[in-house]
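In what follows, a structure is listed as structure tokens, so that the remarks can point back to it.
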Amino acid sequence: MNLLFLDSIPTDVFGGMEHWIAIVAKGLAAKEHNVHLAGREGSEFLRRSKIVAPNATIFELSISGDFNPFTITQLKKYLQENDIELVVTNFNKDIRLGGLAAKLNGCTKVIWSAGLDITGKGLVHSKLTPRLIDGVITPSQSLKDQIASHGYIEADRIRAIHIGLEDLGEMSDREQARIDLRAKYGIEKNSLVAITSGRFVEQKGHCYLIEAAKLLTRQFPTLHYVLLGDGPLEVDLRKQIAAASLTDKFIFAGLLDDFELELHGSDLMVHPSVNEPFGIVLVEAMRYSLPIVASRVGGIPEVVEDGKTGLLVEPKQPEQISLAVSKLLSDTKLLESYGWNGYQRFCSEFKHNRMLALVE
């Protein structure tokens, strides 16, 4: 099949659904599909996707308005010239640009790969979206139910498929990874490390982690927090950390191309989101046998088994986060068992090949 993934995310952003597109593109290309990736010129999405899926063809677009006739014409021409049979869209803008180009082409189907419930109540959403798409893929049953609840995209047009990742096979020595991670960031050798991964936006709830860290400092004075990612709230988060006198405990690692060491060398993952349709970073954590503390929201309970692979807490509750982290770090056997259970769950439920077969 000839297929095109269209994603209009801003040039400096690379999120969970962009990660999903990259790994699906790689997998489908390996299955001898002709995969094309379209996005903004010079975007992180295209740069990183090309690294993950080198066999995919890159198409850089000038993207502005949702109904820009120039962009739609560009897309339509590209669909025709490359015999594109299927367009996979991400944002509302992509649905409109890609959907209209596909309709004008007349022989191209459109799938919306929904990472968030970006549907709305306006006429553009309720009347146009159902006519521009032929189906929807969501990463969780929770998100499927949420989208279907609006009433204008029928549930039988939506398929929930959990995100899967490639198995890493035999990993390097964990103790050495712990040593190397602490050396990389100037952390004392025997310190504990909690890792958090996500854009610095309100949805991810970093501010509640900082409040929880204030409560944990006395019990775990060597506990450090490595934050993976970037985003518009970074300045505010740094100010909050400084006000809590925790500057030496928080490390802003940035948006890394490779964060294997950070995952493999940490002791647990904390994911304090207030809204999370799935949480691909939780699958990353289980792939590295990391126990998890996460919010009980959205699709997270479909990923993390409470009391087995991690502990789920109510969102926006720093006290609950601190209690859950304390429970795990105070019991080495519990910490190890949750990590092992998480890896087993990854192997049975969240492997790459399983997801690819369902997507295909």
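For the structure tokens, the naming scheme is as follows: chains receive sequential letters (A, B, ...) according to their order of presentation, residues are indexed from 1 within each chain, and ligands are indexed from 1 in presentation order.
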
With only C-alpha atoms counted and 10 Å as the cut-off, give the residues of range 267-312 of chain A in contact with range 220-229 of chain A, each with its shortest interatomic distance in Å and the pair that gives it, as CSV.
```
residue,atom,partner,partner_atom,distance
A:Asp267,CA,A:Leu223,CA,9.8
A:Leu268,CA,A:Tyr225,CA,10.0
A:Met269,CA,A:Tyr225,CA,9.5
A:Val270,CA,A:Tyr225,CA,9.2
```

Which polymer residues have any atom within 9 Å of an atom of range 29-37 of chain A, counting only C-alpha atoms, with same-chain residues fewer than 6 positions away left out, as a PyMOL selection string? chain A and resi 1-7+21-22+46+49-50+53+55-60+84

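Nearest-residue note for Glu44 in chain A: choosing from A:Gly15, A:Gly151, A:Pro318, A:Pro69, the minimum distance belongs to A:Gly15, counting only C-alpha atoms.
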
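The space between CA of Asp236 in chain A and CA of Ala194 in chain A spans 20.5 Å.
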
Dump as JSON lines the rows for residues of range 48-117 of chain A within 12 Å of range 285-308 of chain A: closest atom pair and distance in Å with one decimal, only C-alpha atoms counted, ordered by chain and rising residue number.
```
{"residue": "A:Gly115", "atom": "CA", "partner": "A:Gly299", "partner_atom": "CA", "distance": 10.9}
{"residue": "A:Leu116", "atom": "CA", "partner": "A:Gly298", "partner_atom": "CA", "distance": 10.2}
{"residue": "A:Asp117", "atom": "CA", "partner": "A:Gly298", "partner_atom": "CA", "distance": 10.7}
```

Selection file, N, CA, C and O atoms, as an mmCIF file, in the first residue's frame:
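To be explicit, this is the file written out as result_34.cif:
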```cif
data_model
loop_
_atom_site.group_PDB
_atom_site.id
_atom_site.type_symbol
_atom_site.label_atom_id
_atom_site.label_comp_id
_atom_site.auth_asym_id
_atom_site.auth_seq_id
_atom_site.Cartn_x
_atom_site.Cartn_y
_atom_site.Cartn_z
ATOM 1 N N GLY A 115 -4.664 11.107 19.059
ATOM 2 C CA GLY A 115 -3.894 11.017 20.304
ATOM 3 C C GLY A 115 -4.566 11.740 21.445
ATOM 4 O O GLY A 115 -4.272 11.498 22.612
ATOM 5 N N LEU A 116 -5.482 12.649 21.107
ATOM 6 C CA LEU A 116 -6.255 13.408 22.079
ATOM 7 C C LEU A 116 -7.678 13.550 21.563
ATOM 8 O O LEU A 116 -7.929 13.413 20.362
ATOM 9 N N ASP A 117 -8.602 13.851 22.476
ATOM 10 C CA ASP A 117 -9.960 14.156 22.055
ATOM 11 C C ASP A 117 -9.994 15.623 21.627
ATOM 12 O O ASP A 117 -10.248 16.516 22.438
#
```

Within range 91-296 of chain A, find each residue whose DSSP state, derived from the backbone, is alpha helix (DSSP H), and express the selection as a PyMOL selection string. chain A and resi 92-105+123+129-132+141-148+174-184+206-216+234-243+260-264+280-287

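Comparing A:Phe91, A:Phe250, A:Tyr208, A:Tyr152 by their smallest distance to Val193 in chain A, the closest is A:Phe250 (using only C-alpha atoms).
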
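The shell of residues at most 6 Å from range 347-355 of chain A, with only C-alpha atoms counted and near chain neighbours (fewer than 2 positions) removed, consists of A:Gly164, A:Leu165, A:Glu166, A:Gln344, A:Arg345, A:Ala357, A:Leu358.
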
DSSP-assigned strand (DSSP E) members of range 236-296 of chain A, reported as JSON, numbers by chain: {"A": [250, 251, 252, 253, 254, 268, 269, 270, 271, 292, 293, 294, 295]}

Can you write just those residues out, N, CA, C and O atoms, as a PDB file, in the first residue's frame?
```pdb
ATOM      1  N   PHE A 250      16.391  18.666  41.089  1.00  0.00           N
ATOM      2  CA  PHE A 250      15.727  18.511  39.797  1.00  0.00           C
ATOM      3  C   PHE A 250      16.714  18.755  38.657  1.00  0.00           C
ATOM      4  O   PHE A 250      17.446  19.745  38.662  1.00  0.00           O
ATOM      5  N   ILE A 251      16.693  17.871  37.675  1.00  0.00           N
ATOM      6  CA  ILE A 251      17.577  17.960  36.517  1.00  0.00           C
ATOM      7  C   ILE A 251      16.723  18.053  35.262  1.00  0.00           C
ATOM      8  O   ILE A 251      15.897  17.167  35.000  1.00  0.00           O
ATOM      9  N   PHE A 252      16.889  19.126  34.514  1.00  0.00           N
ATOM     10  CA  PHE A 252      16.191  19.294  33.244  1.00  0.00           C
ATOM     11  C   PHE A 252      17.088  18.725  32.143  1.00  0.00           C
ATOM     12  O   PHE A 252      18.052  19.363  31.724  1.00  0.00           O
ATOM     13  N   ALA A 253      16.767  17.518  31.701  1.00  0.00           N
ATOM     14  CA  ALA A 253      17.626  16.822  30.745  1.00  0.00           C
ATOM     15  C   ALA A 253      17.384  17.259  29.308  1.00  0.00           C
ATOM     16  O   ALA A 253      18.209  16.995  28.430  1.00  0.00           O
ATOM     17  N   GLY A 254      16.245  17.908  29.044  1.00  0.00           N
ATOM     18  CA  GLY A 254      15.939  18.359  27.693  1.00  0.00           C
ATOM     19  C   GLY A 254      15.231  17.293  26.868  1.00  0.00           C
ATOM     20  O   GLY A 254      14.899  16.208  27.354  1.00  0.00           O
ATOM     21  N   LEU A 268      12.621   4.525  39.386  1.00  0.00           N
ATOM     22  CA  LEU A 268      11.186   4.449  39.119  1.00  0.00           C
ATOM     23  C   LEU A 268      10.784   5.608  38.226  1.00  0.00           C
ATOM     24  O   LEU A 268      11.531   6.574  38.065  1.00  0.00           O
ATOM     25  N   MET A 269       9.587   5.483  37.651  1.00  0.00           N
ATOM     26  CA  MET A 269       9.022   6.572  36.861  1.00  0.00           C
ATOM     27  C   MET A 269       7.833   7.158  37.595  1.00  0.00           C
ATOM     28  O   MET A 269       6.995   6.414  38.136  1.00  0.00           O
ATOM     29  N   VAL A 270       7.742   8.492  37.595  1.00  0.00           N
ATOM     30  CA  VAL A 270       6.574   9.186  38.144  1.00  0.00           C
ATOM     31  C   VAL A 270       5.918   9.945  36.999  1.00  0.00           C
ATOM     32  O   VAL A 270       6.579  10.717  36.293  1.00  0.00           O
ATOM     33  N   HIS A 271       4.623   9.712  36.815  1.00  0.00           N
ATOM     34  CA  HIS A 271       3.904  10.317  35.686  1.00  0.00           C
ATOM     35  C   HIS A 271       2.632  10.973  36.226  1.00  0.00           C
ATOM     36  O   HIS A 271       1.572  10.342  36.302  1.00  0.00           O
ATOM     37  N   ILE A 292       6.185   2.120  38.425  1.00  0.00           N
ATOM     38  CA  ILE A 292       5.563   3.377  38.017  1.00  0.00           C
ATOM     39  C   ILE A 292       4.646   3.914  39.109  1.00  0.00           C
ATOM     40  O   ILE A 292       3.912   3.153  39.743  1.00  0.00           O
ATOM     41  N   VAL A 293       4.668   5.220  39.287  1.00  0.00           N
ATOM     42  CA  VAL A 293       3.631   5.945  40.030  1.00  0.00           C
ATOM     43  C   VAL A 293       2.980   6.877  39.021  1.00  0.00           C
ATOM     44  O   VAL A 293       3.668   7.682  38.384  1.00  0.00           O
ATOM     45  N   ALA A 294       1.676   6.744  38.826  1.00  0.00           N
ATOM     46  CA  ALA A 294       0.995   7.532  37.797  1.00  0.00           C
ATOM     47  C   ALA A 294      -0.409   7.893  38.240  1.00  0.00           C
ATOM     48  O   ALA A 294      -0.968   7.292  39.161  1.00  0.00           O
ATOM     49  N   SER A 295      -0.985   8.868  37.544  1.00  0.00           N
ATOM     50  CA  SER A 295      -2.347   9.315  37.846  1.00  0.00           C
ATOM     51  C   SER A 295      -3.373   8.335  37.276  1.00  0.00           C
ATOM     52  O   SER A 295      -3.182   7.770  36.202  1.00  0.00           O
TER      53      SER A 295
END
```

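Those residues that approach range 100-113 of chain A to within 7 Å, counting only C-alpha atoms, are Ile72, Thr73, Leu75, Lys76, Gln80, Ile84, Glu85, Leu86, Val87, Val88, Thr89, Asn90, Leu132, Ile133, Asp134, Gly135, Val136, Ile137 and Thr138 of chain A; same-chain residues fewer than 6 positions away are not listed.
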
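Between CA of Ser172 in chain A and CA of Asp258 in chain A lies a distance of 15.0 Å.
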
Just want the 7 Å neighbourhood of range 280-282 of chain A, counted on only C-alpha atoms, with same-chain residues fewer than 6 positions away dropped. Output as a VMD selection string. chain A and resid 16 163 197

Produce a file of the selected residues containing C-alpha atoms, as a JSON list (two decimals), in the first residue's frame.
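Writing done, so here's selection03.json:
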```json
[["chain", "number", "residue", "atom", "x", "y", "z"],
["A", 16, "GLY", "CA", 3.64, 10.96, 21.84],
["A", 163, "ILE", "CA", 0.68, 1.50, 21.39],
["A", 197, "SER", "CA", 8.99, 12.25, 30.71]]
```

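Put simply, CA of Glu276 in chain A is 25.0 Å away from CA of Val124 in chain A.
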
Just checking: using only C-alpha atoms, which residue out of A:Gly205, A:Gly265, A:Gly342, A:Pro139 ends up closest to Leu237 in chain A? A:Gly205

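Residues in contact with Leu215 in chain A at up to 10 Å, not including ones fewer than 2 positions away on its chain and judged by only C-alpha atoms, are Leu209, Ile210, Glu211, Ala212, Ala213, Thr217, Arg218, Gln219, Phe220, Pro318, Glu319, Ile321, Ser322, Leu323 and Ser326 of chain A.
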
Take the selection from the previous step and output its residues with C-alpha atoms, as a PDB file, in the first residue's frame.
```pdb
ATOM      1  CA  LEU A 209       5.396  16.349  41.253  1.00  0.00           C
ATOM      2  CA  ILE A 210       7.323  19.336  42.594  1.00  0.00           C
ATOM      3  CA  GLU A 211       4.869  19.680  45.486  1.00  0.00           C
ATOM      4  CA  ALA A 212       5.259  15.963  46.180  1.00  0.00           C
ATOM      5  CA  ALA A 213       9.054  16.327  46.133  1.00  0.00           C
ATOM      6  CA  THR A 217      12.752  15.476  50.877  1.00  0.00           C
ATOM      7  CA  ARG A 218      13.030  14.656  54.574  1.00  0.00           C
ATOM      8  CA  GLN A 219      12.450  10.893  54.133  1.00  0.00           C
ATOM      9  CA  PHE A 220      14.572  10.558  50.991  1.00  0.00           C
ATOM     10  CA  PRO A 318       0.836  15.707  45.667  1.00  0.00           C
ATOM     11  CA  GLU A 319       0.235  13.931  48.986  1.00  0.00           C
ATOM     12  CA  ILE A 321       2.137  10.956  44.837  1.00  0.00           C
ATOM     13  CA  SER A 322       4.521  11.282  47.784  1.00  0.00           C
ATOM     14  CA  LEU A 323       2.906   8.382  49.663  1.00  0.00           C
ATOM     15  CA  SER A 326       7.553   6.456  49.562  1.00  0.00           C
TER      16      SER A 326
END
```
